[in-house]
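Engineer: Provided herewith is a single structure, encoded as structure tokens, for subsequent inquiry.
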Amino acid sequence: MREEIRTSNHDLVARVATLELLVADLVDLLWQLDPKAMEKLARDAEQDLEIQQNRTPLPAGENQRMRLFAVLQDRRRKLQHRRGRLGASS
């Protein structure tokens with residue numbers, strides 16, 4: 001039973017890593033196809049993060065606020081243009 005749980009956790013980690021790589025490749029492809037739209041998405045992600053940082057925190061929702069902050073920060077990071085990677089793949 002313990003081995004099954006360990007294997008399933010390993011499989012889950014591998015699947016999440018695979019999805020993250022696919023998302024990164026998709027974002028890079030979208031930068032190539034429509035840079036203006038991706039710049040707008042990146043600006044929106046930056047603005048959403050700034051709005052979240054400047055809000056007055058609710059005392060009961062600190063845990064949820066931190067989770068939202070982490071998600072917004074990750075979104076901003078993933079939408080950043082990776083010029084080095086584009087040049088290498090072209």
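Order determines the names: the first chain of the structure tokens is A, the second B, and so forth; residues in each chain are numbered 1 upward, and ligands are numbered 1 upward as they are shown.
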Fewer than 6 positions away in the same chain doesn't count, so skip those; otherwise give me all residues within 10 Å of A:Arg77, counting only C-alpha atoms, as a ChimeraX atom specification.
Structural biologist: /A:42,45-46,71
Engineer: Write the selection just made, keeping C-alpha atoms, as a short mmCIF file (atom, residue, chain, number, x, y, z; two decimals), in the first residue's frame?
Structural biologist:
data_model
loop_
_atom_site.label_atom_id
_atom_site.label_comp_id
_atom_site.auth_asym_id
_atom_site.auth_seq_id
_atom_site.Cartn_x
_atom_site.Cartn_y
_atom_site.Cartn_z
CA ALA A 42 1.70 40.27 -19.41
CA ALA A 45 -0.90 39.98 -15.09
CA GLU A 46 1.42 42.64 -13.65
CA VAL A 71 -1.10 32.20 -8.24
#
Engineer: Suppose you want the space between atom CA of A:Glu20 and atom CA of A:Ile51; what is it in Å?
Structural biologist: 25.6 Å
Engineer: If I take atom CA of A:Gln52 and atom CA of A:Arg67, how far is one from the other in Å, to one decimal?
Structural biologist: 11.1 Å
Engineer: What's the 9 Å shell around stretch 24-29 of chain A, counting only C-alpha atoms, without same-chain residues fewer than 4 positions away, as a count of residues only?
Structural biologist: 12
Engineer: Between A:Glu62, A:Val23, A:Leu72, A:Leu30, single out the one closest to A:Gln47, counting only C-alpha atoms.
Structural biologist: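 Smallest separation from A:Gln47 among the options: A:Leu72.
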